[in-house]
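Q: Okay, so here is coords_13.txt, and as you'll see once you scroll down, it has compact mmCIF, C-alpha atoms and all ligand atoms.
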```
# COMPACT_ATOMS: atom_id res chain seq x y z
CA MET A 15 125.88 100.28 77.82
CA THR A 16 123.53 102.87 79.11
CA SER A 17 124.95 106.28 78.78
CA ILE A 18 124.70 108.66 81.67
CA ALA A 19 122.90 111.97 81.17
CA ILE A 20 123.63 113.48 84.55
CA SER A 21 126.34 112.62 86.97
CA THR A 22 127.11 114.47 90.17
CA SER A 23 129.74 113.82 92.77
CA GLY A 24 129.98 115.43 96.17
CA LEU A 25 127.83 118.25 94.85
CA THR A 26 127.32 120.83 97.59
CA ARG A 27 125.98 124.35 97.77
CA ASP A 28 126.14 126.52 100.84
CA PHE A 29 124.12 129.65 101.31
CA PRO A 30 124.87 131.92 104.27
CA SER A 31 122.29 130.30 106.48
CA VAL A 32 121.81 126.86 105.00
CA ARG A 33 123.52 124.05 103.11
CA ALA A 34 120.97 123.73 100.32
CA VAL A 35 122.63 120.79 98.57
CA ASP A 36 124.75 118.44 100.62
CA ASP A 37 127.23 116.01 99.09
CA LEU A 38 124.90 114.90 96.32
CA ALA A 39 125.94 111.87 94.30
CA LEU A 40 123.51 111.10 91.53
CA GLU A 41 123.62 109.22 88.26
CA VAL A 42 120.75 109.59 85.84
CA PRO A 43 120.81 107.35 82.76
CA ALA A 44 120.09 108.97 79.41
CA GLY A 45 116.65 108.68 77.87
CA ILE A 46 114.67 108.26 81.05
CA VAL A 47 112.36 110.42 83.11
CA PHE A 48 113.95 111.06 86.48
CA GLY A 49 111.91 112.43 89.36
CA PHE A 50 113.63 114.47 92.02
CA LEU A 51 111.33 114.33 94.99
CA GLY A 52 111.52 116.36 98.12
CA PRO A 53 109.53 118.68 100.36
CA ASN A 54 109.72 122.46 100.23
CA GLY A 55 113.19 123.80 100.78
CA SER A 56 114.93 120.44 100.32
CA GLY A 57 117.25 121.67 97.58
CA LYS A 58 115.53 120.60 94.35
CA THR A 59 115.55 123.96 92.61
CA THR A 60 119.06 124.72 93.78
CA THR A 61 120.26 121.42 92.32
CA VAL A 62 118.75 122.22 88.94
CA ARG A 63 120.14 125.74 89.03
CA ILE A 64 123.59 124.29 89.72
CA LEU A 65 123.23 121.80 86.87
CA LEU A 66 122.25 124.60 84.51
CA GLY A 67 125.22 126.69 85.58
CA LEU A 68 123.03 129.39 87.13
CA VAL A 69 124.43 128.85 90.61
CA GLU A 70 127.96 127.74 91.35
CA PRO A 71 128.55 124.71 93.52
CA SER A 72 130.48 125.30 96.73
CA ALA A 73 132.07 121.88 96.34
CA GLY A 74 131.85 118.84 94.15
CA SER A 75 131.34 118.44 90.44
CA ALA A 76 128.75 117.44 87.89
CA THR A 77 128.30 116.77 84.21
CA VAL A 78 125.21 117.10 82.06
CA LEU A 79 125.34 115.12 78.81
CA GLY A 80 129.05 114.84 79.35
CA HIS A 81 129.62 118.59 79.73
CA ASP A 82 131.13 119.93 82.90
CA ILE A 83 128.60 122.24 84.52
CA VAL A 84 131.17 124.86 85.51
CA ASN A 85 133.60 124.92 82.59
CA GLU A 86 131.10 124.04 79.89
CA ALA A 87 127.98 125.71 81.18
CA ASP A 88 127.18 127.17 77.76
CA ALA A 89 127.19 123.73 76.19
CA VAL A 90 124.95 122.43 78.99
CA ARG A 91 122.46 125.23 78.48
CA ALA A 92 122.49 124.84 74.69
CA ALA A 93 121.63 121.17 75.04
CA SER A 94 119.00 121.72 77.72
CA GLY A 95 115.49 123.03 77.95
CA ALA A 96 114.16 124.21 81.28
CA LEU A 97 110.86 125.11 82.83
CA MET A 98 111.71 126.74 86.13
CA GLU A 99 109.41 127.99 88.87
CA GLN A 100 108.42 131.02 86.79
CA ALA A 101 106.95 130.10 83.42
CA GLY A 102 108.96 132.93 81.83
CA LEU A 103 106.57 133.71 78.98
CA TYR A 104 105.84 137.07 77.43
CA GLU A 105 102.25 137.81 78.30
CA ARG A 106 101.90 140.53 75.66
CA LEU A 107 103.00 138.26 72.86
CA THR A 108 100.93 135.53 71.27
CA ALA A 109 101.77 131.91 71.95
CA GLU A 110 103.30 131.60 68.51
CA GLU A 111 105.36 134.76 68.93
CA ASN A 112 106.65 133.45 72.24
CA LEU A 113 107.82 130.22 70.64
CA LEU A 114 109.35 132.10 67.71
CA PHE A 115 111.19 134.33 70.12
CA PHE A 116 112.55 131.51 72.24
CA GLY A 117 113.37 129.41 69.20
CA ARG A 118 115.36 132.28 67.71
CA ALA A 119 117.06 132.89 71.05
CA ALA A 120 118.12 129.25 71.05
CA GLY A 121 119.68 129.75 67.64
CA MET A 122 116.98 128.14 65.47
CA ARG A 123 116.18 129.35 61.98
CA SER A 124 112.69 130.81 61.62
CA ALA A 125 111.89 128.30 58.87
CA ASP A 126 112.53 125.45 61.30
CA ILE A 127 110.52 126.98 64.09
CA ALA A 128 107.13 127.01 62.37
CA PRO A 129 106.90 123.23 61.88
CA ARG A 130 108.22 122.70 65.39
CA VAL A 131 105.50 124.98 66.79
CA ARG A 132 102.88 122.87 65.08
CA GLU A 133 104.51 119.67 66.27
CA LEU A 134 104.52 120.85 69.87
CA LEU A 135 101.25 122.77 70.11
CA GLY A 136 99.25 120.16 68.20
CA PRO A 137 99.31 117.49 70.90
CA LEU A 138 98.80 120.18 73.53
CA ASP A 139 95.55 121.31 71.85
CA LEU A 140 96.95 124.81 71.63
CA TYR A 141 97.78 125.00 67.95
CA GLU A 142 94.44 126.55 66.95
CA ARG A 143 94.93 129.16 69.65
CA ARG A 144 98.49 130.07 68.81
CA GLY A 145 97.48 133.58 67.72
CA GLU A 146 96.05 134.53 71.12
CA LEU A 147 97.86 136.72 73.61
CA VAL A 148 99.38 134.59 76.33
CA GLY A 149 98.29 137.09 78.98
CA THR A 150 94.68 136.07 78.35
CA TRP A 151 95.37 132.40 78.95
CA SER A 152 94.62 130.26 81.99
CA ARG A 153 97.46 129.10 84.16
CA GLY A 154 97.16 125.54 82.85
CA MET A 155 97.42 126.73 79.24
CA LYS A 156 100.41 128.89 80.06
CA GLN A 157 102.12 126.02 81.76
CA ARG A 158 101.59 123.78 78.74
CA LEU A 159 102.98 126.51 76.53
CA ALA A 160 105.96 126.84 78.86
CA VAL A 161 106.68 123.14 78.36
CA ALA A 162 106.54 123.67 74.60
CA ARG A 163 108.88 126.63 74.98
CA ALA A 164 111.37 124.47 76.91
CA LEU A 165 111.29 121.86 74.12
CA ILE A 166 111.33 124.21 71.14
CA HIS A 167 114.98 123.67 70.21
CA ARG A 168 114.77 119.88 70.60
CA PRO A 169 116.96 119.75 73.69
CA ARG A 170 118.32 116.36 74.66
CA MET A 171 117.92 117.28 78.31
CA LEU A 172 114.77 118.76 79.79
CA PHE A 173 114.52 120.17 83.31
CA LEU A 174 111.04 120.71 84.72
CA ASP A 175 110.83 122.37 88.12
CA GLU A 176 107.43 121.60 89.66
CA PRO A 177 105.61 121.78 86.34
CA THR A 178 102.17 121.20 87.83
CA ALA A 179 102.52 123.56 90.80
CA GLY A 180 99.54 125.85 91.13
CA LEU A 181 97.37 123.90 88.72
CA ASP A 182 94.04 122.47 89.75
CA PRO A 183 93.94 118.66 89.84
CA ILE A 184 92.37 118.37 86.40
CA ALA A 185 94.79 120.76 84.73
CA ALA A 186 97.65 119.00 86.51
CA ALA A 187 96.51 115.60 85.26
CA GLU A 188 96.19 116.96 81.73
CA LEU A 189 99.65 118.42 81.85
CA ARG A 190 101.01 115.08 83.06
CA ASP A 191 99.37 113.35 80.10
CA ASP A 192 100.87 115.94 77.80
CA LEU A 193 104.31 115.57 79.32
CA GLU A 194 104.06 111.86 78.87
CA LYS A 195 103.40 112.39 75.15
CA LEU A 196 106.05 115.01 74.62
CA VAL A 197 108.95 113.66 76.59
CA ARG A 198 108.82 110.14 75.28
CA GLU A 199 109.90 111.40 71.89
CA ASP A 200 113.47 111.45 70.66
CA GLY A 201 115.01 109.84 73.73
CA VAL A 202 115.12 113.12 75.61
CA THR A 203 116.19 112.81 79.25
CA VAL A 204 113.89 114.52 81.70
CA PHE A 205 114.75 115.73 85.18
CA ILE A 206 111.56 116.68 86.97
CA ASN A 207 111.38 118.28 90.39
CA THR A 208 108.25 117.53 92.33
CA HIS A 209 107.01 117.07 95.84
CA HIS A 210 104.13 115.03 94.52
CA LEU A 211 104.88 111.34 94.75
CA ALA A 212 101.87 110.27 92.70
CA GLU A 213 103.10 112.53 89.94
CA ALA A 214 106.53 110.96 90.11
CA GLU A 215 104.98 107.52 90.01
CA ARG A 216 102.92 108.47 86.99
CA LEU A 217 105.79 109.91 85.00
CA CYS A 218 109.11 108.66 86.22
CA ASP A 219 111.27 105.64 85.53
CA LEU A 220 113.54 106.47 88.41
CA VAL A 221 113.24 108.73 91.43
CA GLY A 222 115.60 110.23 93.95
CA VAL A 223 114.32 111.54 97.24
CA ILE A 224 116.08 114.58 98.64
CA ARG A 225 115.72 115.90 102.14
CA ARG A 226 117.62 118.86 103.53
CA GLY A 227 119.96 118.69 100.59
CA ARG A 228 120.80 115.01 101.02
CA LEU A 229 119.75 112.13 98.84
CA ILE A 230 117.96 109.67 101.09
CA ALA A 231 116.55 107.21 98.56
CA PHE A 232 117.04 106.35 94.93
CA GLY A 233 115.38 103.79 92.70
CA HIS A 234 112.28 102.83 90.79
CA PRO A 235 109.19 104.56 92.25
CA ASP A 236 107.76 101.22 93.36
CA GLU A 237 110.98 100.37 95.11
CA VAL A 238 111.09 103.67 96.91
CA ARG A 239 107.50 103.24 97.96
CA GLY A 240 108.12 99.63 98.87
CA ARG A 241 110.86 100.65 101.25
CA VAL A 242 108.32 102.29 103.46
CA GLY A 243 105.04 101.66 101.73
CA LYS A 244 102.80 99.96 104.18
CA ARG A 245 99.37 98.77 103.34
CA ARG A 246 96.66 99.65 105.70
CA LEU A 247 93.62 97.76 106.82
CA GLU A 248 90.75 99.11 108.78
CA VAL A 249 87.90 96.95 109.99
CA VAL A 250 84.73 98.22 111.57
CA GLY A 251 82.60 95.68 113.34
CA ALA A 252 81.25 94.34 116.58
CA GLY A 253 83.31 92.07 118.79
CA ILE A 254 86.84 93.21 118.06
CA SER A 255 88.61 92.60 121.34
CA ASN A 256 92.01 93.61 122.63
CA GLU A 257 93.01 89.94 122.64
CA LEU A 258 92.08 89.57 119.00
CA VAL A 259 93.98 92.70 118.06
CA ALA A 260 97.01 91.36 119.90
CA GLU A 261 96.71 88.12 117.96
CA ILE A 262 96.65 90.03 114.69
CA ASP A 263 99.48 92.24 115.81
CA ALA A 264 101.61 89.12 116.23
CA LEU A 265 101.08 87.88 112.66
CA SER A 266 104.25 87.94 110.65
CA HIS A 267 103.03 90.22 107.88
CA VAL A 268 101.40 92.66 110.24
CA GLN A 269 103.65 95.48 111.33
CA SER A 270 101.27 96.80 113.88
CA ALA A 271 97.63 96.48 114.82
CA VAL A 272 95.69 98.66 117.20
CA LEU A 273 92.17 98.94 118.47
CA ASP A 274 90.89 102.43 117.93
CA LYS A 275 87.35 103.26 119.08
CA GLY A 276 86.22 99.72 118.46
CA ARG A 277 87.82 99.46 115.05
CA LEU A 278 90.86 97.51 114.06
CA ARG A 279 93.56 99.49 112.35
CA ALA A 280 96.55 97.59 111.04
CA ASP A 281 99.65 98.42 109.03
CA LEU A 282 100.65 95.51 106.86
CA THR A 283 103.68 94.63 104.84
CA GLN A 284 103.35 94.34 101.08
CA ALA A 285 103.20 90.57 101.43
CA ALA A 286 100.25 90.48 103.81
CA ARG A 287 97.05 88.91 102.55
CA ILE A 288 94.06 90.93 103.62
CA PRO A 289 91.51 88.14 102.94
CA ASP A 290 93.36 85.90 105.41
CA ILE A 291 93.10 88.53 108.11
CA VAL A 292 89.43 89.13 107.41
CA ARG A 293 88.81 85.38 107.55
CA LEU A 294 90.53 85.20 110.92
CA LEU A 295 88.30 87.96 112.23
CA VAL A 296 85.20 86.16 110.99
CA ASP A 297 86.42 82.89 112.51
CA ARG A 298 86.82 84.64 115.84
CA GLY A 299 83.21 85.76 115.68
CA VAL A 300 83.61 89.38 114.67
CA ASP A 301 80.50 90.79 113.05
CA ILE A 302 82.09 92.80 110.26
CA GLU A 303 80.36 95.92 109.01
CA GLU A 304 83.05 97.41 106.89
CA VAL A 305 86.50 96.58 105.66
CA ARG A 306 88.54 99.44 104.36
CA ARG A 307 91.75 98.57 102.72
CA GLY A 308 94.15 100.23 100.48
CA SER A 309 97.71 100.90 100.18
CA GLU A 310 98.85 103.63 102.37
CA SER A 311 98.61 106.65 100.20
CA LEU A 312 101.69 107.51 98.25
CA GLU A 313 101.83 110.82 100.02
CA GLU A 314 101.89 109.06 103.36
CA ALA A 315 104.60 106.70 102.23
CA PHE A 316 106.66 109.62 101.05
CA LEU A 317 106.18 111.47 104.32
CA ALA A 318 107.09 108.36 106.27
CA LEU A 319 110.24 108.07 104.23
CA LEU A 320 111.15 111.64 104.97
CA GLU A 321 110.30 111.43 108.64
CA GLY A 322 111.93 108.07 109.15
CA ALA A 323 115.09 108.97 107.31
CA ASP A 324 117.04 109.72 110.45
CA GLU A 325 116.01 106.86 112.69
CA ALA A 326 115.88 104.24 109.98
CA GLY A 327 119.32 105.26 108.81
CA LEU A 328 118.01 105.27 105.27
CA GLU A 329 121.04 106.34 103.42
CA ILE A 330 121.45 106.21 99.71
CA ALA A 331 119.72 103.14 98.41
CA GLN A 332 122.18 102.86 95.55
CA GLU A 333 124.97 102.10 97.93
CA ASP A 334 123.08 99.68 100.07
CA PRO A 335 120.46 97.92 97.98
CA ASP A 336 119.82 95.25 100.59
CA ALA A 337 118.91 97.71 103.30
CA ARG A 338 115.29 97.37 104.23
N1 LIG A 401 119.68 132.36 96.54
C1 LIG A 401 119.56 131.85 97.76
N2 LIG A 401 120.03 132.48 98.84
C2 LIG A 401 119.92 131.96 100.07
N3 LIG A 401 119.33 130.79 100.35
C3 LIG A 401 118.81 130.10 99.32
C4 LIG A 401 118.90 130.59 97.97
N4 LIG A 401 118.31 129.69 97.15
C5 LIG A 401 117.88 128.70 97.94
N5 LIG A 401 118.18 128.93 99.24
C6 LIG A 401 117.87 128.06 100.38
O1 LIG A 401 118.25 126.75 100.04
C7 LIG A 401 117.31 125.81 100.53
C8 LIG A 401 116.83 124.97 99.38
O2 LIG A 401 116.02 125.75 98.53
P1 LIG A 401 115.44 125.21 97.15
O3 LIG A 401 114.75 126.33 96.51
O4 LIG A 401 116.51 124.55 96.41
O5 LIG A 401 114.41 124.11 97.64
P2 LIG A 401 113.28 123.35 96.84
O6 LIG A 401 113.45 121.91 97.17
O7 LIG A 401 113.30 123.75 95.41
O8 LIG A 401 111.97 123.88 97.55
P3 LIG A 401 110.49 124.18 96.96
O9 LIG A 401 109.80 122.86 96.92
O10 LIG A 401 109.91 125.08 97.98
O11 LIG A 401 110.65 124.82 95.61
C9 LIG A 401 116.24 126.60 101.22
O12 LIG A 401 116.52 126.61 102.60
C10 LIG A 401 116.39 127.98 100.63
O13 LIG A 401 115.99 128.97 101.54
MG MG A 402 111.91 124.65 94.23
```
Any chance you could put this one into structure tokens?
Ligand SMILES: Nc1ncnc2c1ncn2[C@@H]1O[C@H](COP(=O)(O)OP(=O)(O)OP(=O)(O)O)[C@@H](O)[C@H]1O
Ligand SMILES: [Mg+2]
A:
Amino acid sequence: MTSIAISTSGLTRDFPSVRAVDDLALEVPAGIVFGFLGPNGSGKTTTVRILLGLVEPSAGSATVLGHDIVNEADAVRAASGALMEQAGLYERLTAEENLLFFGRAAGMRSADIAPRVRELLGPLDLYERRGELVGTWSRGMKQRLAVARALIHRPRMLFLDEPTAGLDPIAAAELRDDLEKLVREDGVTVFINTHHLAEAERLCDLVGVIRRGRLIAFGHPDEVRGRVGKRRLEVVGAGISNELVAEIDALSHVQSAVLDKGRLRADLTQAARIPDIVRLLVDRGVDIEEVRRGSESLEEAFLALLEGADEAGLEIAQEDPDAR
């Protein structure tokens, strides 16, 4: 039996002008990396703040590692590490002093902290630099240190709120690699907020998509992408006629095909075979100059999911796994 790390039911939070979290029902199995995906203002941070007992829910309930988030908030916080939107480091202390401080604050003995500092900073390539003032560090280094800080007391639950926000693409990729190394240890459960679908795909075993406080999709990243993830084909060449485009548009695995400034642009289902379509074009006498293919970018798929949520009636995938 898989145990459940996080369970929420009807979880709701109203602010004066907005319902930030709306009837959220979520179950996150223990020991996995869960990605909570949503655009700005969708309720990700508020959800984590509720789970950590920093904000009270207006309605509904939740448990983290079996502890009720309202009545047992202290137990939740003791068992959790969190990296919120602010890194929360002391800039005038060294990296090591920061970790000592936070380790002590979490109730660790100093003698246990030193080996833990080495264990965490080693893989992050920061151990040799542990004596430097954090204020002199780059944002990427600080963010890596903030992850170490969140893990210092070996929490069984780790919350990461947009850990790569504000990092350049290289620093972000490095941090993702580091997270991968760190969070796979000890069966820690990770709840990571992000609006970056590629990041979720890289790190997460399971994702939930939140939009205006409501969960609109839940599943493996591939599944979530597959629900909307179209593949796209673009062909540049001479002799692409409207009739030919209409013929392609009618193929069963083609969702839509249009002629745009002489080029064919088609959205395909996952099952479509691009070589077959190219062959058809060649057979019909098209003089092909360029074929551009590729899955629709993950970002696009994510946006489509968010935009289409209303019309497509995409409710919670958990409850309706056959909905396509
Ligand atoms: N303390 C608060 N008081 C009033 N409104 C709030 C408060 N905290 C959050 N909100 C509102 O709740 C909604 C959700 O905000 P939240 O910060 O949870 O979103 P988010 O998904 O984390 O966004 P981002 O990606 O920008 O971090 C927003 O409309 C926000 O303005
Ligand atoms: Mg946020």
Q: With a cut-off of 7 Å, could you pull out the residues of chain A touching ligand MG 402 (chain A) and give me the nearest pair of atoms for each, distance in Å to one decimal, using all atoms listed in the file, ordered by chain and ascending number, as a Markdown table?
A:
```
| residue | atom | partner | partner_atom | distance |
| --- | --- | --- | --- | --- |
| A:Asn54 | CA | A:MG402 | MG | 6.8 |
| A:Gly55 | CA | A:MG402 | MG | 6.7 |
| A:Gly57 | CA | A:MG402 | MG | 7.0 |
| A:Lys58 | CA | A:MG402 | MG | 5.4 |
| A:Thr59 | CA | A:MG402 | MG | 4.0 |
| A:Glu99 | CA | A:MG402 | MG | 6.8 |
| A:Asp175 | CA | A:MG402 | MG | 6.6 |
```
Q: What's the 8 Å shell around Leu278 in chain A, counting all atoms listed in the file, without same-chain residues fewer than 4 positions away, as a list in words?
A: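 Those residues are Leu247, Glu248, Val249, Val250, Ile254, Val259, Ala271, Val272, Leu273 and Asp274 of chain A.
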Q: List the spatial neighbours of Arg298 in chain A as JSON, numbers by chain - criterion: any atom at most 12 Å away, only C-alpha atoms, same-chain residues fewer than 3 positions off excluded.
A: {"A": [252, 253, 254, 255, 257, 258, 259, 261, 262, 291, 292, 293, 294, 295, 301, 302]}
Q: Kindly list the centre and edge lengths in Å, rounded to one decimal, for the axis-aligned box that covers all listed atoms of range 85-88 of chain A plus 5 Å on each of its six sides, as lines of an AutoDock Vina configuration file.
A:
```
center_x = 130.4
center_y = 125.6
center_z = 80.2
size_x = 16.4
size_y = 13.1
size_z = 14.8
```
Q: Report the distance between CA of Val296 in chain A and CA of Ser270 in chain A in Å, rounded to one decimal place.
A: 19.5 Å
Q: Please list, as a PyMOL selection string, the residues that have an atom at most 6 Å away from (118.7, 119.0, 100.4) in the coordinates of this file, counting only C-alpha atoms.
A: chain A and resi 34-35+56-57+224-228
Q: Counting all atoms listed in the file, note down every residue that has an atom within 10 Å of the point (106.6, 133.3, 71.2) (file coordinates), as a list in words.
A: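 Every polymer residue passing the test: Leu103, Tyr104, Glu105, Arg106, Leu107, Thr108, Ala109, Glu110, Glu111, Asn112, Leu113, Leu114, Phe115, Phe116, Gly117, Arg118, Val131, Arg144, Gly145, Leu147, Val148, Leu159 and Arg163 of chain A.
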Q: Could you write those residues out with C-alpha atoms, as a compact mmCIF listing (two decimals), keeping the file's coordinate frame?
A:
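Contents of result33.txt, freshly written:
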```txt
# COMPACT_ATOMS: atom_id res chain seq x y z
CA LEU A 103 106.57 133.71 78.98
CA TYR A 104 105.84 137.07 77.43
CA GLU A 105 102.25 137.81 78.30
CA ARG A 106 101.90 140.53 75.66
CA LEU A 107 103.00 138.26 72.86
CA THR A 108 100.93 135.53 71.27
CA ALA A 109 101.77 131.91 71.95
CA GLU A 110 103.30 131.60 68.51
CA GLU A 111 105.36 134.76 68.93
CA ASN A 112 106.65 133.45 72.24
CA LEU A 113 107.82 130.22 70.64
CA LEU A 114 109.35 132.10 67.71
CA PHE A 115 111.19 134.33 70.12
CA PHE A 116 112.55 131.51 72.24
CA GLY A 117 113.37 129.41 69.20
CA ARG A 118 115.36 132.28 67.71
CA VAL A 131 105.50 124.98 66.79
CA ARG A 144 98.49 130.07 68.81
CA GLY A 145 97.48 133.58 67.72
CA LEU A 147 97.86 136.72 73.61
CA VAL A 148 99.38 134.59 76.33
CA LEU A 159 102.98 126.51 76.53
CA ARG A 163 108.88 126.63 74.98
```
Q: Find the residues near Val221 in chain A: any atom within 10 Å, counting only C-alpha atoms, skip ones fewer than 5 places away on the same chain, and give them as a list in words.
A: Val42, Val47, Phe48, Gly49, Phe50, Leu51, Phe205, Ile206, Asn207, Leu211, Ala214, Glu215, Ala231, Phe232, Gly233, His234, Pro235, Asp236, Glu237 and Val238 of chain A
Q: From the options A:Thr60, A:Gln269, A:Ser17, A:Gln157, which residue's atoms come nearest to Gly80 in chain A, counting all atoms listed in the file?
A: A:Ser17
Q: Find, counting only C-alpha atoms, the residue in A:Ala286, A:Leu229, A:Val197, A:Leu140 that gets nearest to Thr26 in chain A.
A: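 Smallest distance to Thr26 in chain A is found for A:Leu229.
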Q: Please measure the separation of CA of Leu68 in chain A and CA of Gly45 in chain A, giving the value in Å to one decimal.
A: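 Those two atoms sit 23.6 Å apart.
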Q: Nearest to His167 in chain A among A:Val69, A:Leu196, A:Ala120, A:Ala285, with distances taken over all atoms listed in the file: which residue is it?
A: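 Using all atoms listed in the file, the shortest distance to His167 in chain A belongs to A:Ala120.
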Q: With a distance cut-off of 10 Å and all atoms listed in the file, select the neighbouring residues of Leu40 in chain A, excluding the residue or stretch itself and same-chain residues fewer than 2 positions from it, and output the selection as number ranges by chain.
A: A: 20-25, 37-38, 42-43, 76, 222, 229, 232, 330, 332
Q: In Å to one decimal, how far is CA of Gly95 in chain A from atom C10 of ligand LIG 401 (chain A)?
A: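 Pair atom C10 of ligand LIG 401 (chain A) / CA of Gly95 in chain A returns 23.2 Å.
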Q: From the options A:Glu86, A:Asp200, A:Glu176, A:Asp139, which residue's atoms come nearest to ligand LIG 401 (chain A), counting all atoms listed in the file?
A: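 Smallest distance to ligand LIG 401 (chain A) is found for A:Glu176.
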Q: Neighbouring residues of Val90 in chain A were defined as those with any atom within 10 Å, considering all atoms listed in the file; residues of the same chain fewer than 2 positions away were excluded. Please report them as a PyMOL selection string.
A: chain A and resi 65-67+77-88+92-95+169-171
Q: Smallest atom-to-atom distance to ligand LIG 401 (chain A): which of A:Gln284, A:Gln100, A:Thr208, A:Thr203, using all atoms listed in the file?
A: A:Thr208
